[in-house]
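For reference, the structure is listed below as structure tokens.
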Amino acid sequence: MGEQSRYDLIVIGAGPGGYVAAARAGQLGMKTACVDKFDRPGGVCLNYGCIPSKALLDSSEHAAQAVNSFKNHGIRVGKPEIDLKTMMGRKDEVVRALTDNVENLLKANNVEIIKGTAALQGESAVRVEKNGQAQTIEAKNILLATGSSPAGVKGLAFDGQFIVNSTDALAFDKIPKSLLIVGGGYIGLELGSVWSRLGSKVTVAEMTDRIAGTADSQLSRRLLRILKSQGIEFKLKTRVTGADVRKKTVKVTLDTDGEKSEQVCETVLVAVGRRPLSEDLGLEDAGVETDSNGFVKVDANFRTTVGNIYAVGDLIGQPMLAHKASAEGRAAVEIMAGKPGEVNYDAVPMVIYTFPEAASVGKTEEQLKQQGIDYCTGTFPLTGAGRARCMGETEGMVKVLSHKKTDRVLGVHILSPRASDMIAEAVFAIEFGASSEDIGRIMHGHPTFAEALQEAALVTRQCSIYSG
């Protein structure tokens, strides 16, 4: 065992929660080490998730536009040829550039980067192993930010070739002729869009009666209709009960509301969510408790059941989003430093990077009804937005929900190109307690997609008791 080192903070995991926390700790003057098992920092998000998937989504959308949209703009091209090797190479280069940025960020803030697999050794020590070598490091505080991995389904064992997870689906060496996706959530819809645009026959099997289950139901229904029009087939209220790999194809058994059927495809992608990476961390030995699903228990200050050990990100539960993990990592470190640190979970944006994009923040209409809150709703279709007309992208809408008595914005739901950027204004509004009148009165550039948000807010305002 190598010699021991003492730090103010050891961060386990260099994903969006871990590297942001480590960098902030360095800024606050803490002697900090960040331990990560991957060769490059950035965690699953930058290396195997958020970033490579968005790179492929952008590349595949260019291909879809060449086939479907260019002609409407007076641009005539032949059938595009997909060079998957080049596309994957571009994706890998994007990942390399961003992980280099993360490494530079950590070094600039005097964070020591330690490569290896980490496990707690009691309350204040961490054992790090790499290539058969081990060292023990100690710290006043420890932050767990190990993230998550793809969840599996009984009867659908991953083999990396015929039955794959989301990581595998970002590195195919050829375009599947047919792809069955198990799960109609964010990951399934995004990867389904990628491979459908590139020529695969995509079918999505979702066990509930809707896709994007956490989204506002009106937005979900409209997104379903749009994705169907793009060529993706959906089987709702459908369970995949088994799969048999034969002769380089997979025969899948389906159960749709009690009706059994079979489907043969080239590849099955299981995208039913993610599970926390809380195993093999030495949690039990250190006294850190988890719930029945493996999520680490924390209090409002991100402390675990051991006072000097903290946890953030996917490891502590939903929503399992990179930006939520970053906010928690920053807040946790500020709390360690005796500063105020907080995360407003009512203002966490959620984005599905299909085309058009779907973005939401705050309450859905269904949640407001369940909670008995009197609310106003205003919607505006993209058919009325000048910028959308110019681009020929009029499928979509914006919905604003506000409190009927106070007019405070409670939720915003957007289905539009650039919704991922538009939602930032809505997050700001909810964070600062703005009213729909505030959004309606703010001057928006013309013509922009953001005008649709302004118009929806103006419609919402008409319902308020203060209108007129």
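Every chain in the structure tokens takes a letter, A first, then B, and so on in the order presented; its residues are numbered from 1, and the ligands are numbered from 1 following the presented order.
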
For segment 307-317 of chain A, work out the shell of residues within 6 Å, counting only C-alpha atoms and skipping chain neighbours fewer than 3 positions away, then give it as a list in words. Gly17, Asn141, Ile142, Leu143, Leu144, Ala145, Gly147, Ser148, Pro276, Phe295, Val296, Phe302, Arg303, Thr304, Met320, Ala325, Glu328 and Gly329 of chain A

Please provide the set of residues having any atom within 8 Å of segment 221-232 of chain A, restricted to only C-alpha atoms, with same-chain residues fewer than 6 positions apart removed, written as number ranges by chain. A: 192-193, 196, 201-204, 210-211, 358, 395-396, 415

Selection file, N, CA and C atoms, as a PDB file, in the first residue's frame:
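The result, stored in out_19.pdb:
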ATOM      1  N   GLY A 192     -33.744   6.409 -30.416  1.00  0.00           N
ATOM      2  CA  GLY A 192     -34.631   5.998 -31.495  1.00  0.00           C
ATOM      3  C   GLY A 192     -34.617   6.994 -32.630  1.00  0.00           C
ATOM      4  N   SER A 193     -34.582   8.282 -32.296  1.00  0.00           N
ATOM      5  CA  SER A 193     -34.522   9.328 -33.322  1.00  0.00           C
ATOM      6  C   SER A 193     -33.230   9.241 -34.122  1.00  0.00           C
ATOM      7  N   SER A 196     -33.361   6.009 -36.395  1.00  0.00           N
ATOM      8  CA  SER A 196     -34.437   6.122 -37.385  1.00  0.00           C
ATOM      9  C   SER A 196     -34.031   7.080 -38.501  1.00  0.00           C
ATOM     10  N   LYS A 201     -35.250   0.809 -39.109  1.00  0.00           N
ATOM     11  CA  LYS A 201     -36.670   0.691 -38.814  1.00  0.00           C
ATOM     12  C   LYS A 201     -36.808   0.558 -37.305  1.00  0.00           C
ATOM     13  N   VAL A 202     -37.309   1.616 -36.660  1.00  0.00           N
ATOM     14  CA  VAL A 202     -37.321   1.681 -35.204  1.00  0.00           C
ATOM     15  C   VAL A 202     -38.729   1.461 -34.662  1.00  0.00           C
ATOM     16  N   THR A 203     -38.824   0.584 -33.679  1.00  0.00           N
ATOM     17  CA  THR A 203     -40.066   0.353 -32.951  1.00  0.00           C
ATOM     18  C   THR A 203     -39.786   0.575 -31.468  1.00  0.00           C
ATOM     19  N   VAL A 204     -40.651   1.340 -30.820  1.00  0.00           N
ATOM     20  CA  VAL A 204     -40.512   1.602 -29.389  1.00  0.00           C
ATOM     21  C   VAL A 204     -41.630   0.882 -28.646  1.00  0.00           C
ATOM     22  N   ARG A 210     -48.292   6.040 -22.473  1.00  0.00           N
ATOM     23  CA  ARG A 210     -47.773   7.292 -23.035  1.00  0.00           C
ATOM     24  C   ARG A 210     -46.255   7.255 -23.080  1.00  0.00           C
ATOM     25  N   ILE A 211     -45.672   8.088 -23.918  1.00  0.00           N
ATOM     26  CA  ILE A 211     -44.220   8.228 -23.955  1.00  0.00           C
ATOM     27  C   ILE A 211     -43.817   9.411 -23.078  1.00  0.00           C
ATOM     28  N   ALA A 358     -38.320  18.748 -26.761  1.00  0.00           N
ATOM     29  CA  ALA A 358     -39.340  18.929 -25.730  1.00  0.00           C
ATOM     30  C   ALA A 358     -38.628  19.348 -24.451  1.00  0.00           C
ATOM     31  N   GLU A 395     -44.500  22.584 -36.294  1.00  0.00           N
ATOM     32  CA  GLU A 395     -45.022  21.568 -35.384  1.00  0.00           C
ATOM     33  C   GLU A 395     -44.548  21.902 -33.975  1.00  0.00           C
ATOM     34  N   GLY A 396     -45.456  22.061 -33.073  1.00  0.00           N
ATOM     35  CA  GLY A 396     -45.042  22.332 -31.707  1.00  0.00           C
ATOM     36  C   GLY A 396     -45.905  23.380 -31.044  1.00  0.00           C
ATOM     37  N   LEU A 415     -42.559  22.499 -26.832  1.00  0.00           N
ATOM     38  CA  LEU A 415     -42.245  21.538 -27.888  1.00  0.00           C
ATOM     39  C   LEU A 415     -41.911  22.357 -29.118  1.00  0.00           C
TER      40      LEU A 415
END

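Within 12 Å of segment 368-375 of chain A, once only C-alpha atoms are used and residues closer than 4 positions along the same chain are dropped, the contacting residues are Asp216, Gly362, Lys363, Thr364, Val400, Leu401, Ser402, His403, Lys404, Lys405, Thr406, Asp407, Arg408, Val409, Leu410, Gly411, Ser436, Thr460, Arg461, Gln462, Cys463, Ser464 and Ile465 of chain A.
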
Using DSSP assignments from the backbone, pull out every residue in segment 39-128 of chain A that falls under strand (DSSP E or B) and give it to me as number ranges by chain. A: 111-115, 117-120, 125-128

For segment 252-254 of chain A, list every protein, DNA or RNA residue within 9 Å, evaluated using only C-alpha atoms, and leave out those in the same chain fewer than 3 positions away; present the list as a VMD selection string. chain A and resid 180 205 238 to 245 259 to 265 268

Find the spatial neighbours of segment 18-25 of chain A, counting only C-alpha atoms, within a cut-off of 7 Å - ignore same-chain residues fewer than 6 positions away - and output them as a list in words.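 Final neighbour list, sorted by chain and number: Val11, Ile12, Thr32, Cys34, Leu105, Leu106, Asn109, Val111, Ala145, Ser326, Gly329, Arg330 and Val333 of chain A.
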
For Lys79 of chain A, please output as a PyMOL selection string all residues within 12 Å (counting only C-alpha atoms; exclusion window: fewer than 3 positions along the same chain). chain A and resi 63-68+70-71+76+82+198-199
